[in-house]
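J.: Got a structure here, written out as structure tokens. Questions coming.
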Amino acid sequence: MEEQRAPGWRHGPPWWGAPDEAEPHGTRRLPWRTTALITAFVLIGSNFAGHSQPHRVPLDGYGRVLLLVASLLLLGRHRYPAAVAFGAAAVTLGYLAAGYPYGPVFLVVAVACFSAVVAGRRRAAWASVGLLWAGHALVALWLYRWLPPAGDRRAGLTQEIVIGTWVLAIVALAELARVRREQWARERADRAEAARRRADEERLRIARELHDVLAHSISVVNVQAGMGLALLDSDPEQARAALTAIKAASKEALGEVRQVLDTLRAPGAAPRAPAPGLDRLPELVEQAAAAGLTVEIEGEPPQLAPGADLAAFRIVQEALTNVVRHSGSRHARVRFAHDGEALRLRVDDDGPATGADAGGSGNGLAGMRERAAALGGTIEAGPRPGGGFRVLAVLPSHIREDQ
């Protein structure tokens with residue numbers, strides 16, 4: 001399996017942690033404060049540890065230099081985690097091989113290993129602590145005869161087990177931190193993706209609402225404007241009625257468009273007016289009649305949840321708009337059938353089609369299908385066997401409010 005790497009690190013040799021060339025040098029500050037605290041703790045703690053280990057070599061200038069070098073290597077643990085891990089392990093091993101006292105020097109290795117694992121350089125972290133443990137075992141079990149302190153004895157198996165357990169504990173804690181960090185990153189990514197998905201769904205909903213409102217109202221305005229122009233000279237009263245219908249349709253369209261746009265200005269706020277539903281079906285029939293279309297209602301519209309009620313109203317509105325725009329028929333039938341589980345909504349006209357887009361444009365039919373699919377329903381639209389066009393929608397009655 002390929003070694004995981006944190007963002008900002010290019011592929012390279014597993015023993016080196018070169019930064020990404022695209023990242024400007026020095027964009028990440030060196031960890032001066034934490035490194036200074038660790039250095040002070042290691043120097044002071046090792047000095048106290050030496051007093052309690054008289055059998056080890058007393059801490060001198062050379063030993064303090066080794067401690068200082070090991071600690072200062074931590075300045076590069078964010079930029080070069082693998083190199084720092086190996087460097088800290090090597091310097092610490094040299095410090096112990098020189099016979100200096102055990103103590104806080106192991107903290108340097110722990111921090112370097114932790115940084116390497118969190119940065120994704122797991123192989124380097126495991127290899128560095130493995131190098132330290134193997135080197136210490138070699139010194140304690142064999143090379144102790146030729147290395148200081150003089151008269152040192154062979155280490156016992158228990159001591160090596162304790163050191164091995166300490167090494168495993170360091171790596172385990174680092175792995176735990178890495179897993180938790182990746183989990184946080186996934187959670188942030190999931191939240192961002194959910195927010196993007198909600199935004200896309202909201203944009204699609206607003207697009208459907210605007211299409212349905214404007215397509216219906218503009219169709220009514222277009223028909224009435226044509227009628228008014230044709231009757232302007234011969235029948236001024238009918239032309240006046242057409243202009244009145246245009247005014248009413250445009251006013252209603254502006255009101256509904258304003259309501260949709262209010263949701264953009266104040267997201268999450270309650271709408272100023274209730275969303276349209278099947279209770280406004282008589283208004284829809286009147287608008288269709290003003291456009292010259294007679295609408296016959298069969299069945300009683302049922303009481304539905306707000307989401308389903310709005311979807312049913314918009315489907316009827318779009319279907320009647322398509323009849324006005326694309327059908328030569330001046331008569332349409334809207335039929336409601338409700339069996340307690342689902343609402344079957346059917347809109348028929350007798351045709352014939354007046355153009356290639358019989359039944360409506362692709363956007364209108366696509367919007368109806370999206371509305372039905374969002375509620376778990378279906379839409380069937382197409383020519384009738386006896387002529388004309390039919391739209392059949394099946395919408396579940398029991399809809400969760402969050403949909």
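Quick note on naming: the chains in the structure tokens go A, B, ... in the order shown, residues restart at 1 in each chain, and ligands are numbered from 1 in order of appearance.
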Return as a count of residues only the full set of residues in region 117-344 of chain A whose backbone-based DSSP assignment is strand (DSSP E).

T.: 16

J.: Excluding Pro54 (chain A) and its own-chain neighbours fewer than 2 positions away, which residues fall within 12 Å of it when counting only C-alpha atoms? Please give them as a PDB file with N, CA and C atoms, in the first residue's frame.

T.:
```
ATOM      1  N   ASN A  47      19.660  16.838  33.325  1.00  0.00           N
ATOM      2  CA  ASN A  47      20.612  17.188  34.376  1.00  0.00           C
ATOM      3  C   ASN A  47      20.202  16.575  35.709  1.00  0.00           C
ATOM      4  N   PHE A  48      18.888  16.658  36.024  1.00  0.00           N
ATOM      5  CA  PHE A  48      18.413  16.021  37.255  1.00  0.00           C
ATOM      6  C   PHE A  48      18.495  14.500  37.162  1.00  0.00           C
ATOM      7  N   ALA A  49      18.187  13.950  35.967  1.00  0.00           N
ATOM      8  CA  ALA A  49      18.239  12.484  35.811  1.00  0.00           C
ATOM      9  C   ALA A  49      19.657  11.966  36.021  1.00  0.00           C
ATOM     10  N   GLY A  50      20.651  12.752  35.638  1.00  0.00           N
ATOM     11  CA  GLY A  50      22.034  12.299  35.807  1.00  0.00           C
ATOM     12  C   GLY A  50      22.407  12.104  37.261  1.00  0.00           C
ATOM     13  N   HIS A  51      21.822  12.908  38.171  1.00  0.00           N
ATOM     14  CA  HIS A  51      22.142  12.765  39.589  1.00  0.00           C
ATOM     15  C   HIS A  51      21.622  11.456  40.160  1.00  0.00           C
ATOM     16  N   SER A  52      20.555  10.945  39.591  1.00  0.00           N
ATOM     17  CA  SER A  52      19.985   9.693  40.103  1.00  0.00           C
ATOM     18  C   SER A  52      20.528   8.466  39.386  1.00  0.00           C
ATOM     19  N   ARG A  56      25.968   5.928  35.217  1.00  0.00           N
ATOM     20  CA  ARG A  56      26.089   6.401  33.847  1.00  0.00           C
ATOM     21  C   ARG A  56      27.147   7.510  33.766  1.00  0.00           C
ATOM     22  N   VAL A  57      27.529   7.858  32.527  1.00  0.00           N
ATOM     23  CA  VAL A  57      28.524   8.917  32.324  1.00  0.00           C
ATOM     24  C   VAL A  57      27.904  10.259  32.723  1.00  0.00           C
ATOM     25  N   PRO A  58      28.590  11.052  33.567  1.00  0.00           N
ATOM     26  CA  PRO A  58      28.037  12.356  33.958  1.00  0.00           C
ATOM     27  C   PRO A  58      27.806  13.244  32.728  1.00  0.00           C
ATOM     28  N   LEU A  59      26.765  14.009  32.805  1.00  0.00           N
ATOM     29  CA  LEU A  59      26.396  14.876  31.680  1.00  0.00           C
ATOM     30  C   LEU A  59      27.411  16.008  31.574  1.00  0.00           C
ATOM     31  N   GLY A  99      26.860   6.641  26.714  1.00  0.00           N
ATOM     32  CA  GLY A  99      26.762   6.309  28.126  1.00  0.00           C
ATOM     33  C   GLY A  99      26.112   7.363  28.976  1.00  0.00           C
ATOM     34  N   TYR A 100      25.524   8.403  28.376  1.00  0.00           N
ATOM     35  CA  TYR A 100      24.888   9.458  29.160  1.00  0.00           C
ATOM     36  C   TYR A 100      23.580   8.947  29.771  1.00  0.00           C
ATOM     37  N   PRO A 101      23.093   9.589  30.799  1.00  0.00           N
ATOM     38  CA  PRO A 101      21.937   9.070  31.540  1.00  0.00           C
ATOM     39  C   PRO A 101      20.642   9.092  30.720  1.00  0.00           C
ATOM     40  N   TYR A 102      19.829   8.093  31.012  1.00  0.00           N
ATOM     41  CA  TYR A 102      18.484   8.071  30.438  1.00  0.00           C
ATOM     42  C   TYR A 102      17.669   9.232  31.018  1.00  0.00           C
ATOM     43  N   PRO A 149      29.543   3.605  29.856  1.00  0.00           N
ATOM     44  CA  PRO A 149      30.532   3.810  30.948  1.00  0.00           C
ATOM     45  C   PRO A 149      31.348   2.549  31.192  1.00  0.00           C
ATOM     46  N   ASP A 152      30.247  -1.297  32.557  1.00  0.00           N
ATOM     47  CA  ASP A 152      28.802  -1.462  32.335  1.00  0.00           C
ATOM     48  C   ASP A 152      28.486  -2.932  32.110  1.00  0.00           C
TER      49      ASP A 152
END
```

J.: Extract, using only C-alpha atoms, all DNA, RNA and protein residues at most 12 Å from Thr35 (chain A), discarding same-chain residues fewer than 3 positions from it, and format them as a list in words.

T.: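 Surrounding residues, per the criterion: Leu30, Pro31, Trp32, Ile38, Thr39, Ala40, Phe41, Val42, Leu68, Val69, Ala70, Ser71, Leu72, Leu73, Leu74, Leu75, Gly76, Arg77, His78, Leu107, Val108, Val111 and Ala112 of chain A.
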
J.: Neighbours of Thr244 (chain A) within 12 Å (only C-alpha atoms; same-chain residues fewer than 6 positions away dropped), as a PyMOL selection string?

T.: chain A and resi 220-221+224-225+227-228+237-238+250-251+287+290-291

J.: Measuring atom to atom with only C-alpha atoms, identify which of A:Ala342, A:Ala185, A:Leu93, A:Leu320 is nearest to Phe389 (chain A).

T.: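 Closest to Phe389 (chain A), using only C-alpha atoms: A:Leu320.
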
J.: How would you write, as an NGL selection string, the set of residues in region 95-335 of chain A that DSSP gives as helix (DSSP H, G or I)?

T.: :A and (95-97 or 105-118 or 122-141 or 143-145 or 157-231 or 236-265 or 278-290 or 306-326)

J.: Restricting the calculation to only C-alpha atoms, which member of A:Ala372, A:Ala116, A:Ala194, A:Val285 is positioned closest to Val334 (chain A)?

T.: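 Closest to Val334 (chain A) of all the choices is A:Val285.
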
J.: Could you name the residues that touch region 130-138 of chain A at 6 Å or less, counting only C-alpha atoms, but leaving out those on the same chain fewer than 3 positions away, as a PyMOL selection string?

T.: chain A and resi 89+93+126-127+141-142

J.: Please determine, counting only C-alpha atoms, which residue among A:Arg198, A:Arg33, A:Arg371, A:His326 has the shortest atom-to-atom distance to Asp212 (chain A).

T.: A:Arg371
